[in-house]
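J.: Input structure: upload-v5.tsv, which contains TSV, N, CA and C atoms.
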```
chain	number	residue	atom	x	y	z
V	492	MET	N	110.35	1.63	41.35
V	492	MET	CA	110.70	3.02	41.06
V	492	MET	C	110.55	3.32	39.56
V	493	LYS	N	110.96	2.38	38.70
V	493	LYS	CA	110.83	2.58	37.27
V	493	LYS	C	109.36	2.71	36.88
V	494	ARG	N	108.51	1.91	37.53
V	494	ARG	CA	107.07	1.97	37.25
V	494	ARG	C	106.52	3.36	37.61
V	495	PHE	N	106.97	3.91	38.71
V	495	PHE	CA	106.54	5.23	39.13
V	495	PHE	C	106.86	6.27	38.07
V	496	PHE	N	108.09	6.24	37.54
V	496	PHE	CA	108.49	7.20	36.51
V	496	PHE	C	107.71	6.99	35.21
V	497	LYS	N	107.39	5.75	34.88
V	497	LYS	CA	106.59	5.48	33.69
V	497	LYS	C	105.19	6.06	33.85
V	498	VAL	N	104.62	5.89	35.03
V	498	VAL	CA	103.28	6.42	35.29
V	498	VAL	C	103.31	7.95	35.23
V	499	ILE	N	104.29	8.55	35.87
V	499	ILE	CA	104.41	10.02	35.86
V	499	ILE	C	104.59	10.52	34.43
V	500	THR	N	105.42	9.86	33.66
V	500	THR	CA	105.64	10.25	32.26
V	500	THR	C	104.34	10.16	31.47
V	501	ALA	N	103.60	9.08	31.64
V	501	ALA	CA	102.33	8.91	30.93
V	501	ALA	C	101.34	10.00	31.30
V	502	VAL	N	101.27	10.33	32.57
V	502	VAL	CA	100.36	11.39	33.02
V	502	VAL	C	100.77	12.74	32.41
V	503	LEU	N	102.03	13.03	32.42
V	503	LEU	CA	102.51	14.30	31.84
V	503	LEU	C	102.21	14.38	30.35
V	504	VAL	N	102.36	13.28	29.64
V	504	VAL	CA	102.05	13.26	28.20
V	504	VAL	C	100.56	13.53	27.98
V	505	LEU	N	99.70	12.89	28.78
V	505	LEU	CA	98.26	13.11	28.65
V	505	LEU	C	97.89	14.55	28.96
V	506	VAL	N	98.46	15.10	30.00
V	506	VAL	CA	98.17	16.49	30.36
V	506	VAL	C	98.65	17.43	29.26
V	507	TRP	N	99.83	17.22	28.77
V	507	TRP	CA	100.36	18.07	27.70
V	507	TRP	C	99.48	18.02	26.47
V	508	ASN	N	99.06	16.82	26.08
V	508	ASN	CA	98.21	16.67	24.90
V	508	ASN	C	96.88	17.37	25.07
V	509	SER	N	96.35	17.38	26.29
V	509	SER	CA	95.07	18.06	26.50
V	509	SER	C	95.22	19.57	26.34
V	510	PHE	N	96.38	20.12	26.68
V	510	PHE	CA	96.61	21.55	26.49
V	510	PHE	C	96.94	21.89	25.05
V	511	ALA	N	97.48	20.97	24.31
V	511	ALA	CA	97.93	21.24	22.95
V	511	ALA	C	96.81	21.10	21.93
V	512	ALA	N	95.67	20.56	22.30
V	512	ALA	CA	94.58	20.34	21.36
V	512	ALA	C	93.94	21.67	20.97
V	513	ALA	N	93.30	21.67	19.81
V	513	ALA	CA	92.54	22.83	19.37
V	513	ALA	C	91.36	23.04	20.31
V	514	GLU	N	90.99	24.27	20.53
V	514	GLU	CA	89.88	24.60	21.41
V	514	GLU	C	88.76	25.25	20.59
V	515	THR	N	87.53	25.09	21.07
V	515	THR	CA	86.37	25.70	20.41
V	515	THR	C	85.68	26.61	21.41
V	516	TYR	N	85.28	27.78	20.94
V	516	TYR	CA	84.62	28.79	21.76
V	516	TYR	C	83.34	29.25	21.08
V	517	VAL	N	82.33	29.53	21.88
V	517	VAL	CA	81.09	30.10	21.37
V	517	VAL	C	80.95	31.49	21.96
V	518	LEU	N	80.84	32.48	21.09
V	518	LEU	CA	80.70	33.87	21.50
V	518	LEU	C	79.29	34.32	21.18
V	519	SER	N	78.50	34.66	22.20
V	519	SER	CA	77.17	35.22	21.98
V	519	SER	C	77.34	36.73	21.83
V	520	ILE	N	76.80	37.26	20.76
V	520	ILE	CA	77.06	38.65	20.40
V	520	ILE	C	75.75	39.42	20.26
V	521	GLU	N	75.72	40.60	20.84
V	521	GLU	CA	74.54	41.46	20.77
V	521	GLU	C	74.79	42.58	19.76
V	522	GLY	N	73.79	42.84	18.93
V	522	GLY	CA	73.87	43.99	18.04
V	522	GLY	C	73.95	43.68	16.56
V	523	PHE	N	73.98	42.39	16.20
V	523	PHE	CA	73.98	42.06	14.77
V	523	PHE	C	72.67	42.54	14.15
V	524	GLY	N	72.77	43.38	13.14
V	524	GLY	CA	71.58	43.86	12.45
V	524	GLY	C	71.36	43.20	11.11
V	525	CYS	N	72.41	42.55	10.61
V	525	CYS	CA	72.32	41.90	9.30
V	525	CYS	C	73.47	40.90	9.15
V	526	LYS	N	73.46	40.19	8.04
V	526	LYS	CA	74.50	39.20	7.78
V	526	LYS	C	75.87	39.85	7.62
V	527	LEU	N	75.89	41.07	7.14
V	527	LEU	CA	77.16	41.78	6.98
V	527	LEU	C	77.81	42.06	8.33
V	528	CYS	N	77.00	42.29	9.35
V	528	CYS	CA	77.53	42.50	10.71
V	528	CYS	C	78.26	41.25	11.19
V	529	ALA	N	77.64	40.10	10.99
V	529	ALA	CA	78.26	38.83	11.38
V	529	ALA	C	79.54	38.60	10.59
V	530	TYR	N	79.50	38.91	9.31
V	530	TYR	CA	80.68	38.74	8.47
V	530	TYR	C	81.82	39.64	8.93
V	531	ASN	N	81.50	40.84	9.38
V	531	ASN	CA	82.51	41.79	9.87
V	531	ASN	C	83.24	41.20	11.08
V	532	VAL	N	82.50	40.67	12.05
V	532	VAL	CA	83.12	40.06	13.23
V	532	VAL	C	83.91	38.82	12.83
V	533	GLN	N	83.34	38.02	11.96
V	533	GLN	CA	84.02	36.81	11.48
V	533	GLN	C	85.36	37.16	10.84
V	534	SER	N	85.39	38.16	10.01
V	534	SER	CA	86.62	38.58	9.35
V	534	SER	C	87.67	39.05	10.34
V	535	ARG	N	87.24	39.79	11.34
V	535	ARG	CA	88.18	40.29	12.36
V	535	ARG	C	88.76	39.15	13.19
V	536	LEU	N	87.92	38.18	13.54
V	536	LEU	CA	88.40	37.04	14.33
V	536	LEU	C	89.37	36.19	13.51
V	537	LYS	N	89.11	36.05	12.22
V	537	LYS	CA	89.99	35.25	11.35
V	537	LYS	C	91.39	35.84	11.25
V	538	GLN	N	91.53	37.11	11.51
V	538	GLN	CA	92.84	37.76	11.43
V	538	GLN	C	93.76	37.38	12.59
V	539	LEU	N	93.20	36.82	13.66
V	539	LEU	CA	94.02	36.41	14.80
V	539	LEU	C	94.84	35.17	14.43
V	540	SER	N	96.11	35.17	14.76
V	540	SER	CA	96.97	34.04	14.41
V	540	SER	C	96.55	32.75	15.10
V	541	ALA	N	95.91	32.84	16.25
V	541	ALA	CA	95.48	31.65	16.99
V	541	ALA	C	94.24	31.00	16.38
V	542	VAL	N	93.53	31.71	15.54
V	542	VAL	CA	92.24	31.22	15.03
V	542	VAL	C	92.43	30.39	13.76
V	543	LYS	N	91.86	29.20	13.81
V	543	LYS	CA	91.90	28.28	12.68
V	543	LYS	C	90.65	28.44	11.81
V	544	GLU	N	89.48	28.53	12.46
V	544	GLU	CA	88.22	28.61	11.74
V	544	GLU	C	87.21	29.41	12.55
V	545	VAL	N	86.35	30.16	11.83
V	545	VAL	CA	85.29	30.95	12.47
V	545	VAL	C	84.02	30.82	11.65
V	546	ARG	N	82.89	30.67	12.34
V	546	ARG	CA	81.58	30.72	11.70
V	546	ARG	C	80.73	31.68	12.52
V	547	ALA	N	80.43	32.83	11.95
V	547	ALA	CA	79.57	33.80	12.63
V	547	ALA	C	78.19	33.73	12.00
V	548	SER	N	77.17	33.81	12.83
V	548	SER	CA	75.79	33.67	12.36
V	548	SER	C	74.95	34.85	12.81
V	549	PHE	N	74.38	35.55	11.83
V	549	PHE	CA	73.45	36.64	12.12
V	549	PHE	C	72.19	36.08	12.79
V	550	GLU	N	71.69	34.95	12.28
V	550	GLU	CA	70.46	34.35	12.79
V	550	GLU	C	70.59	33.90	14.26
V	551	ASP	N	71.75	33.36	14.62
V	551	ASP	CA	71.97	32.86	15.98
V	551	ASP	C	72.63	33.89	16.90
V	552	SER	N	73.04	35.02	16.34
V	552	SER	CA	73.74	36.06	17.09
V	552	SER	C	74.95	35.51	17.83
V	553	GLU	N	75.74	34.71	17.13
V	553	GLU	CA	76.92	34.13	17.77
V	553	GLU	C	78.01	33.84	16.74
V	554	ALA	N	79.20	33.63	17.27
V	554	ALA	CA	80.34	33.20	16.46
V	554	ALA	C	80.93	31.97	17.14
V	555	VAL	N	81.21	30.96	16.35
V	555	VAL	CA	81.87	29.75	16.84
V	555	VAL	C	83.29	29.80	16.32
V	556	VAL	N	84.25	29.76	17.24
V	556	VAL	CA	85.66	29.94	16.90
V	556	VAL	C	86.44	28.69	17.28
V	557	GLN	N	87.22	28.18	16.34
V	557	GLN	CA	88.12	27.07	16.64
V	557	GLN	C	89.55	27.60	16.52
V	558	THR	N	90.35	27.35	17.56
V	558	THR	CA	91.73	27.81	17.55
V	558	THR	C	92.66	26.74	16.98
V	559	ARG	N	93.85	27.15	16.64
V	559	ARG	CA	94.88	26.21	16.20
V	559	ARG	C	95.36	25.40	17.40
V	560	ASP	N	95.91	24.25	17.13
V	560	ASP	CA	96.42	23.39	18.20
V	560	ASP	C	97.37	24.16	19.10
V	561	GLY	N	97.16	24.01	20.40
V	561	GLY	CA	98.05	24.61	21.39
V	561	GLY	C	97.82	26.08	21.65
V	562	THR	N	96.74	26.65	21.08
V	562	THR	CA	96.46	28.07	21.31
V	562	THR	C	95.09	28.24	21.94
V	563	VAL	N	94.86	29.40	22.51
V	563	VAL	CA	93.58	29.71	23.14
V	563	VAL	C	93.10	31.08	22.67
V	564	LEU	N	91.81	31.31	22.84
V	564	LEU	CA	91.21	32.62	22.62
V	564	LEU	C	90.70	33.09	23.98
V	565	THR	N	91.35	34.07	24.54
V	565	THR	CA	90.93	34.55	25.86
V	565	THR	C	89.65	35.36	25.73
V	566	GLU	N	88.92	35.45	26.83
V	566	GLU	CA	87.69	36.23	26.82
V	566	GLU	C	88.00	37.70	26.52
V	567	GLN	N	89.09	38.21	27.06
V	567	GLN	CA	89.43	39.62	26.84
V	567	GLN	C	89.75	39.88	25.36
V	568	LYS	N	90.46	38.96	24.73
V	568	LYS	CA	90.79	39.12	23.31
V	568	LYS	C	89.51	39.08	22.47
V	569	ALA	N	88.62	38.14	22.79
V	569	ALA	CA	87.35	38.04	22.07
V	569	ALA	C	86.53	39.32	22.26
V	570	ARG	N	86.48	39.81	23.49
V	570	ARG	CA	85.74	41.04	23.78
V	570	ARG	C	86.31	42.22	23.00
V	571	ASN	N	87.64	42.33	22.96
V	571	ASN	CA	88.27	43.43	22.23
V	571	ASN	C	87.90	43.40	20.74
V	572	ILE	N	87.91	42.21	20.16
V	572	ILE	CA	87.58	42.08	18.73
V	572	ILE	C	86.12	42.44	18.49
V	573	VAL	N	85.21	41.85	19.29
V	573	VAL	CA	83.78	42.09	19.11
V	573	VAL	C	83.43	43.55	19.34
V	574	GLU	N	83.93	44.13	20.42
V	574	GLU	CA	83.62	45.53	20.71
V	574	GLU	C	84.30	46.47	19.72
V	575	GLY	N	85.47	46.08	19.23
V	575	GLY	CA	86.14	46.88	18.21
V	575	GLY	C	85.36	46.94	16.91
V	576	ALA	N	84.53	45.92	16.68
V	576	ALA	CA	83.67	45.90	15.49
V	576	ALA	C	82.34	46.61	15.74
V	577	GLY	N	82.13	47.07	16.98
V	577	GLY	CA	80.92	47.83	17.30
V	577	GLY	C	79.79	47.02	17.91
V	578	PHE	N	80.08	45.85	18.44
V	578	PHE	CA	79.06	44.99	19.02
V	578	PHE	C	79.40	44.69	20.47
V	579	LYS	N	78.50	43.97	21.15
V	579	LYS	CA	78.70	43.64	22.56
V	579	LYS	C	78.83	42.13	22.72
V	580	LEU	N	79.87	41.69	23.43
V	580	LEU	CA	80.03	40.28	23.74
V	580	LEU	C	79.16	39.97	24.95
V	581	LYS	N	78.08	39.23	24.74
V	581	LYS	CA	77.15	38.89	25.83
V	581	LYS	C	77.64	37.69	26.63
V	582	ASN	N	78.23	36.72	25.94
V	582	ASN	CA	78.66	35.50	26.62
V	582	ASN	C	79.85	34.89	25.89
V	583	TYR	N	80.79	34.39	26.66
V	583	TYR	CA	81.98	33.71	26.15
V	583	TYR	C	82.00	32.34	26.79
V	584	ARG	N	82.06	31.31	25.97
V	584	ARG	CA	82.00	29.95	26.51
V	584	ARG	C	82.95	29.04	25.74
V	585	GLN	N	83.77	28.31	26.48
V	585	GLN	CA	84.65	27.32	25.86
V	585	GLN	C	83.89	26.00	25.81
V	586	VAL	N	83.90	25.36	24.65
V	586	VAL	CA	83.24	24.08	24.48
V	586	VAL	C	84.26	23.00	24.78
V	587	LEU	N	83.93	22.14	25.72
V	587	LEU	CA	84.84	21.08	26.08
V	587	LEU	C	84.88	20.03	24.98
V	588	SER	N	86.10	19.68	24.59
V	588	SER	CA	86.26	18.69	23.52
V	588	SER	C	86.12	17.30	24.09
V	589	GLU	N	85.66	16.38	23.25
V	589	GLU	CA	85.52	14.99	23.66
V	589	GLU	C	86.79	14.26	23.30
V	590	GLN	N	87.54	13.85	24.32
V	590	GLN	CA	88.79	13.14	24.08
V	590	GLN	C	88.73	11.78	24.67
```
If you convert what's in this file into structure tokens, what do you get?
T.:
Amino acid sequence: MKRFFKVITAVLVLVWNSFAAAETYVLSIEGFGCKLCAYNVQSRLKQLSAVKEVRASFEDSEAVVQTRDGTVLTEQKARNIVEGAGFKLKNYRQVLSEQ
């Protein structure tokens, strides 16, 4: 019985740690006309408390967003930010971390 509880505890710790890790998202964005457009979206995303780091690229028409540990960036939140800046969110993708 003690072994069972140890196994359950270990599983719960692993599951919790997987949810608490920082997450990375790639946002494909339509409508960037220049580097300033990418910078505008990058600045808006950086204002979110969940966001740790953002790299927006005019050349790639995307933003790569890393969240703080234990937080997420929902597709709806990303869409609101991108569309609020005057662009279209074409694709939202979470990058699976290697653990």
J.: Kindly indicate which residue among V:Glu553, V:Ser588, V:Ser548, V:Arg559 lies nearest to Leu527 (chain V), using only C-alpha atoms for the distances.
T.: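 Selected residue with least distance to Leu527 (chain V): V:Ser548.
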J.: Residues within 6 Å of Ala513 (chain V), please, as an MDAnalysis selection string. Count all atoms listed in the file; anything in the same chain fewer than 5 positions from it doesn't count.
T.: chainID V and resid 558:562
J.: Would you mind listing what lies within 8 Å of Val532 (chain V) as a VMD selection string, with only C-alpha atoms counted and same-chain residues fewer than 5 positions away left out?
T.: chain V and resid 547 572 to 573 576
J.: Please measure the separation of atom N of Val586 (chain V) and atom C of Gly524 (chain V), giving the value in Å to one decimal.
T.: 25.7 Å
